[in-house]
Amino acid sequence: MEKGVRVYSEIGKLRKVILHRPGEEINNVSPDTMQELLFDEVPYLDQALKEHDYFANILKESGCEVYYLEDLVADVIKDKNLKESLIEEFLDEADLHTPNERYIMKDILLQQKSEKDIVMKMIAGTRMTELTKRSKETLADFSDADRYFLTVPMPNAYFTRDPFANIGHGVAINKMWSNVRRRETLFGKYIYDYHEMFKDVEVPRWYDRTDKFHTEGGDQLILSKDVLAVGISQRTEAAALQKLAENVLNAGEFKTVLAINIPQSHAFMHLDTVFTMIDKDKFTIHPEIEGPLVVYSMVKDGDKIVITEEKNSLDKVLAHYLGLDAVDLIRCGGGLGIDAQREQWNDGSNTLAIAPGEVVVYDRNVVTNDLLEKEGIKLHKMPSYELSRGRGGPRCMSMPLYREDVK
């Protein structure tokens with residue numbers, strides 16, 4: 001199988017994917033820290049690991065190669081110079097209060113037993129209670145008695161879809177909406193710059209973590225080899241979408257970018273929490289977005305990017321740009337009401353296609369899952385007691401590297 005990146009659909013047979021197996025960062029989510037860390041509940045690590053391993057096993061049994069983020073970064077930093085560089089960049093972005101704290105944190109990282117342990121420690125965060133030798137030299141040292149962390153954990157890292165997204169044969173290394181997640185993109189930078197998997201392979205950057213405006217992979221959906229859809233959402237600004245669209249259109253990577261403006265709220269968060277593709281002509285959708293939703297098409301015309309507000313309903317817009325007579329929108333929870341609200345909250349619309357008409361879903365979304373099965377969709381149902389507490393589903397937890405083309 002070829003090196004590099006190849007993702008020209010949401011539904012092509014999944015052959016390579018990047019995951020992150022949760023670690024001690026999950027144990028740093030508490031009632032006092034969960035809002036800052038973007039959780040609504042306190043998760044239980046042991047059960048989360050069982051669920052994540054079940055998810056990974058579904059992918060492996062389907063013939064997909066599973067790569068773990070922490071292993072890829074560990075491979076890179078076996079080079080001592082790259083290890084030093086990553087640690088320094090991590091410390092630069094860790095919001096440390098004093099030079100002494102930087103010295104202490106660097107020592108903690110260098111004392112880890114392996115390169116993988118260094119990466120996992122970066123993700124896990126460091127509690128103030130872990131510090132045995134900390135001299136108080138500045139006012140900050142004396143006044144931080146109520147501070148929980150020396151470096152804040154990254155418990156959302158198991159949602160590998162968001163920090164960097166493979167689009168076509170390139171990658172968007174995104175600027176994250178929340179400061180607590182922005183360091184996650186460092187790992188993408190080192191993987192795509194230095195990992196052997198991408199050596200001597202062109203992987204264009206459609207967006208970079210240093211760009212001004214925020215965007216996340218949950219808003220970036222590849223509908224076909226010609227059409228990219230991107231959400232304008234709580235997590236993706238229109239200005240970021242504009243730059244991403246200009247880059248892919250000017251490169252000839254796609255012919256059309258559909259900008260889908262969804263309500264900006266925590267409940268909807270990303271486009272893929274309310275809308276995912278499951279077959280050539282079938283999509284899941286949360287019914288509450290259909291009314292306020294606005295779609296803009298963006299195409300290249302000479303040297304210009306032409307933006308047009310689409311006047312038709314979403315199903316007709318999708319059918320037009322995908323060259324189909326019609327598409328089927330399968331509504332989460334069966335339509336407006338309590339079932340839709342419950343199952344949207346638990347990512348009933350956030351499916352991961354591993355082949356056309358074959359998807360991974362959370363088992364808890366029984367109403368939506370029953371509807372999908374009645375539509376002839378093959379489901380792989382995974383347990384979801386703890387992973388769902390992070391407000392993300394199977395698509396959120398996966399970053400495809402390579403999909404077969406859809407025939």
# chains A, B, ... in the order shown; residues from 1 in each chain; ligands from 1
call {"tool": "residues_around", "arguments": {"residues": "segment 345-356 of chain A", "least_positions_apart": "2", "cutoff": "6 Å", "atoms": "only C-alpha atoms", "output": "PyMOL selection string"}}
result
chain A and resi 11-14+272-275+278-279+284-285+332+342-343+358-361+365+393-395
call {"tool": "closest_atom_pairs", "arguments": {"of": "segment 252-335 of chain A", "to": "segment 216-237 of chain A", "cutoff": "7 Å", "atoms": "only C-alpha atoms", "output": "tab-separated table"}}
result
residue	atom	partner	partner_atom	distance
A:Phe254	CA	A:Asp226	CA	4.6
A:Lys255	CA	A:Asp226	CA	5.0
A:Thr256	CA	A:Val227	CA	5.0
A:Val257	CA	A:Leu228	CA	4.8
A:Leu258	CA	A:Ala229	CA	4.5
A:Ala259	CA	A:Val230	CA	5.1
A:Ile260	CA	A:Gly231	CA	4.7
A:Asn261	CA	A:Ile232	CA	4.6
A:Ile262	CA	A:Ser233	CA	5.6
A:Pro263	CA	A:Ser233	CA	6.5
A:Gln264	CA	A:Gln234	CA	4.5
A:Ser265	CA	A:Gln234	CA	6.0
A:Met269	CA	A:Gln234	CA	5.5
A:His270	CA	A:Asp219	CA	5.1
A:Leu271	CA	A:Asp219	CA	4.7
A:Asp272	CA	A:Gly218	CA	5.5
call {"tool": "select_by_dssp", "arguments": {"residues": "segment 99-319 of chain A", "states": "strand (DSSP E)", "output": "VMD selection string"}}
result
chain A and resid 126 to 127 149 to 151 164 to 167 170 to 173 205 to 207 220 to 222 227 to 232 256 to 261 275 to 279 282 to 285 294 to 301 304 to 309
call {"tool": "closest_residue", "arguments": {"among": "A:Glu375, A:Glu202, A:Asp303, A:Glu101", "to": "Met128 of chain A", "atoms": "only C-alpha atoms"}}
result
A:Glu101
call {"tool": "atom_distance", "arguments": {"atom1": "atom CA of Ile173 of chain A", "atom2": "atom CA of Met382 of chain A"}}
result
28.5 Å
call {"tool": "residues_around", "arguments": {"residues": "segment 159-161 of chain A", "least_positions_apart": "3", "cutoff": "7 Å", "atoms": "only C-alpha atoms", "output": "list in words"}}
result
Leu19, His20, Asn156, Phe164, Ala165, Gly217, Gly218, Cys396, Met397, Ser398 and Met399 of chain A
call {"tool": "closest_residue", "arguments": {"among": "A:Arg209, A:Leu387, A:Met176, A:Thr276", "to": "Pro22 of chain A", "atoms": "only C-alpha atoms"}}
result
A:Leu387
